[in-house]
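Read through the structure below, which is laid out as structure tokens, and then see the notes.
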Amino acid sequence: MESALDVDLFQCKTCLDKRFVMVSGALKDCPVCVTGQRQAVDWFAGIQAPTEAYTKAVQLAKDMAYNPSGWLVLQGGYGSGKTTLASAIMSQWAGKEKHPITAAWLLESWRQLMSRHDDEELFLAESQAPVAVLDDLGAERPTEWAIERLAMYLDLRYARRLPTVLTLNADENQLAAKVGGRISDRVFDTRSGLVRVVSLDVASFRTGREW
């Protein structure tokens with residue numbers, strides 16, 4: 001996985017392949033990427049929608065991909081297609097195939113950098129990135145330090161209303177039990193108009209099992 005500061009790994013050094021930059025607090029098209037150098041790809045073309053609810057989820061994911069705004073929370077059981085939709089969104093932003101960073105991986109990267117006392121720059125860069133995708137939030141029960149770090153990360157993005165995609169298996173109460181009410185309250189804050197929660201109530205695409 002690449003980090004937000006590994007600039008040499010990206011095709012566009014201006015936006016780090018996100019296709020958007022922050023200018024005076026507003027999200028703008030990357031001035032380099034809009035020149036038409038990238039080949040248009042429909043990253044949603046191969047996604048199958050087995051139910052009407054899933055069709056709606058695909059449409060919301062497309063809206064997020066082409067017009068990033070607010071938070072999109074994809075909630076569902078294992079194999080329900082959450083990561084597939086998140087990958088399609090991220091790929092559209094990047095202009096090439098991309099895979100979301102899991103919450104566990106992000107925490108581990110911060111933990112390793114913390115031991116070298118150089119984590120703050122990376123943490124702030126990732127927390128304030130113009131767009132972000134975080135996969136499998138709450139999949140593991142984290143330490144107290146990890147919960148605090150995740151809360152800070154999400155608080156920064158929430159306060160700045162930065163476009164963010166989250167995937168998780170848990171409902172609101174289950175997430176609160178794993179990572180605390182402070183995080184759960186942000187993730188499921190549908191009353192503010194910032195967060196849209198989409199429930200993918202379909203059987204696993206891999207096993208056919210219903211959760």
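If you're wondering about the labels, chains in the structure tokens are A, B, ... by order shown, residues count from 1 in each chain, ligands from 1 in order shown.
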
For stretch 162-177 of chain A: contacts at 7 Å, only C-alpha atoms, fewer than 2 positions along chain excluded, given as JSON, numbers by chain: {"A": [68, 69, 70, 71, 72, 73, 74, 75, 76, 77, 78, 82, 83, 86, 130, 131, 132, 133, 134, 135, 136, 137, 138, 157, 158, 160, 179, 180, 181, 184, 188]}

Please return, as a count of residues only, all residues of stretch 14-182 of chain A that DSSP assigns to alpha helix (DSSP H) on the basis of the backbone. 74

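All residues of protein, DNA or RNA that reach within 8 Å of stretch 27-35 of chain A, judged by only C-alpha atoms and not counting those fewer than 6 positions away in the chain, are Cys12, Thr14, Cys15, Arg19, Phe20, Val21 and Pro130 of chain A.
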
DSSP on the backbone, strand (DSSP E) only: what residues of stretch 23-210 of chain A does that give? Format it as a VMD selection string. chain A and resid 23 26 to 29 71 to 76 101 to 102 132 to 135 164 to 168 195 to 200

Who sits within 12 Å of A:Ser192, only C-alpha atoms, same chain under 2 positions skipped, as number ranges by chain: A: 70-71, 158-159, 161, 185-190, 194-196

Pull all heavy atoms from the residues just selected and write them as a tab-separated table (two decimals), in the first residue's frame.
chain	number	residue	atom	x	y	z
A	70	GLY	N	-19.48	15.24	1.06
A	70	GLY	CA	-19.92	14.61	2.30
A	70	GLY	C	-19.29	13.26	2.55
A	70	GLY	O	-18.23	12.94	2.00
A	71	TRP	N	-19.95	12.48	3.39
A	71	TRP	CA	-19.48	11.14	3.73
A	71	TRP	C	-20.45	10.10	3.18
A	71	TRP	O	-21.67	10.28	3.25
A	71	TRP	CB	-19.40	10.95	5.25
A	71	TRP	CG	-18.25	11.65	5.91
A	71	TRP	CD1	-17.53	12.70	5.42
A	71	TRP	CD2	-17.70	11.34	7.18
A	71	TRP	NE1	-16.56	13.07	6.32
A	71	TRP	CE2	-16.65	12.26	7.41
A	71	TRP	CE3	-18.01	10.39	8.15
A	71	TRP	CZ2	-15.89	12.24	8.59
A	71	TRP	CZ3	-17.26	10.38	9.33
A	71	TRP	CH2	-16.20	11.30	9.53
A	158	TYR	N	-14.41	15.24	9.52
A	158	TYR	CA	-15.80	15.62	9.80
A	158	TYR	C	-15.91	17.14	9.93
A	158	TYR	O	-16.81	17.76	9.35
A	158	TYR	CB	-16.25	14.94	11.10
A	158	TYR	CG	-17.66	15.22	11.52
A	158	TYR	CD1	-18.70	14.39	11.12
A	158	TYR	CD2	-17.96	16.31	12.34
A	158	TYR	CE1	-20.01	14.64	11.52
A	158	TYR	CE2	-19.26	16.57	12.74
A	158	TYR	CZ	-20.29	15.73	12.33
A	158	TYR	OH	-21.58	15.99	12.73
A	159	ALA	N	-15.00	17.75	10.69
A	159	ALA	CA	-15.05	19.19	10.92
A	159	ALA	C	-14.87	19.98	9.63
A	159	ALA	O	-15.48	21.03	9.44
A	159	ALA	CB	-13.97	19.60	11.93
A	161	ARG	N	-15.61	18.73	6.67
A	161	ARG	CA	-16.60	18.20	5.72
A	161	ARG	C	-15.92	17.67	4.46
A	161	ARG	O	-16.40	17.88	3.34
A	161	ARG	CB	-17.65	19.26	5.38
A	161	ARG	CG	-18.37	19.83	6.58
A	161	ARG	CD	-19.42	20.84	6.19
A	161	ARG	NE	-20.58	20.22	5.59
A	161	ARG	CZ	-21.62	19.73	6.26
A	161	ARG	NH1	-21.63	19.78	7.58
A	161	ARG	NH2	-22.65	19.20	5.63
A	185	ASP	N	-20.71	8.02	16.65
A	185	ASP	CA	-21.58	9.18	16.54
A	185	ASP	C	-21.31	9.96	15.26
A	185	ASP	O	-22.23	10.50	14.63
A	185	ASP	CB	-21.38	10.08	17.76
A	185	ASP	CG	-22.40	11.20	17.82
A	185	ASP	OD1	-23.61	10.90	17.88
A	185	ASP	OD2	-21.99	12.38	17.80
A	186	ARG	N	-20.05	10.05	14.87
A	186	ARG	CA	-19.68	10.74	13.63
A	186	ARG	C	-20.12	9.91	12.40
A	186	ARG	O	-20.71	10.44	11.46
A	186	ARG	CB	-18.17	10.94	13.56
A	186	ARG	CG	-17.62	11.92	14.59
A	186	ARG	CD	-17.88	13.35	14.18
A	186	ARG	NE	-17.20	14.28	15.06
A	186	ARG	CZ	-17.71	14.80	16.17
A	186	ARG	NH1	-18.94	14.45	16.55
A	186	ARG	NH2	-17.03	15.67	16.89
A	187	VAL	N	-19.81	8.64	12.44
A	187	VAL	CA	-20.06	7.78	11.28
A	187	VAL	C	-21.55	7.67	10.94
A	187	VAL	O	-21.93	7.62	9.77
A	187	VAL	CB	-19.46	6.38	11.53
A	187	VAL	CG1	-19.87	5.40	10.43
A	187	VAL	CG2	-17.94	6.46	11.63
A	188	PHE	N	-22.40	7.68	11.96
A	188	PHE	CA	-23.84	7.51	11.73
A	188	PHE	C	-24.62	8.81	11.91
A	188	PHE	O	-25.82	8.79	12.15
A	188	PHE	CB	-24.39	6.43	12.66
A	188	PHE	CG	-24.00	5.04	12.25
A	188	PHE	CD1	-22.86	4.45	12.76
A	188	PHE	CD2	-24.76	4.32	11.33
A	188	PHE	CE1	-22.48	3.16	12.38
A	188	PHE	CE2	-24.39	3.04	10.94
A	188	PHE	CZ	-23.25	2.46	11.47
A	189	ASP	N	-23.95	9.94	11.76
A	189	ASP	CA	-24.61	11.23	11.91
A	189	ASP	C	-25.36	11.62	10.65
A	189	ASP	O	-24.94	12.48	9.88
A	189	ASP	CB	-23.57	12.31	12.27
A	189	ASP	CG	-24.20	13.68	12.41
A	189	ASP	OD1	-25.43	13.75	12.62
A	189	ASP	OD2	-23.48	14.68	12.28
A	190	THR	N	-26.49	10.99	10.43
A	190	THR	CA	-27.28	11.25	9.22
A	190	THR	C	-28.15	12.51	9.36
A	190	THR	O	-28.66	13.01	8.37
A	190	THR	CB	-28.19	10.04	8.91
A	190	THR	OG1	-29.01	9.76	10.05
A	190	THR	CG2	-27.36	8.82	8.56
A	194	LEU	N	-24.48	15.62	6.40
A	194	LEU	CA	-23.15	15.32	5.89
A	194	LEU	C	-23.00	13.86	5.52
A	194	LEU	O	-22.38	13.53	4.51
A	194	LEU	CB	-22.09	15.68	6.95
A	194	LEU	CG	-20.65	15.31	6.61
A	194	LEU	CD1	-20.14	16.17	5.46
A	194	LEU	CD2	-19.74	15.49	7.83
A	195	VAL	N	-23.59	12.96	6.33
A	195	VAL	CA	-23.36	11.53	6.20
A	195	VAL	C	-24.54	10.82	5.55
A	195	VAL	O	-25.69	11.04	5.93
A	195	VAL	CB	-23.08	10.90	7.58
A	195	VAL	CG1	-22.80	9.41	7.44
A	195	VAL	CG2	-21.92	11.60	8.27
A	196	ARG	N	-24.24	9.97	4.57
A	196	ARG	CA	-25.24	9.08	3.97
A	196	ARG	C	-24.83	7.65	4.29
A	196	ARG	O	-23.72	7.24	3.95
A	196	ARG	CB	-25.31	9.28	2.46
A	196	ARG	CG	-25.89	10.61	2.02
A	196	ARG	CD	-25.55	10.90	0.58
A	196	ARG	NE	-24.11	11.12	0.43
A	196	ARG	CZ	-23.51	11.27	-0.74
A	196	ARG	NH1	-24.21	11.16	-1.86
A	196	ARG	NH2	-22.22	11.47	-0.81

Residues within 10 Å of A:Phe44, please, as a PyMOL selection string. Count only C-alpha atoms; anything in the same chain fewer than 4 positions from it doesn't count. chain A and resi 48+58-59+61-62+65+84-85+87-89+91-92

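Rounded to one decimal, atom CA of A:Ser127 and atom CA of A:Lys178 lie 21.1 Å from each other.
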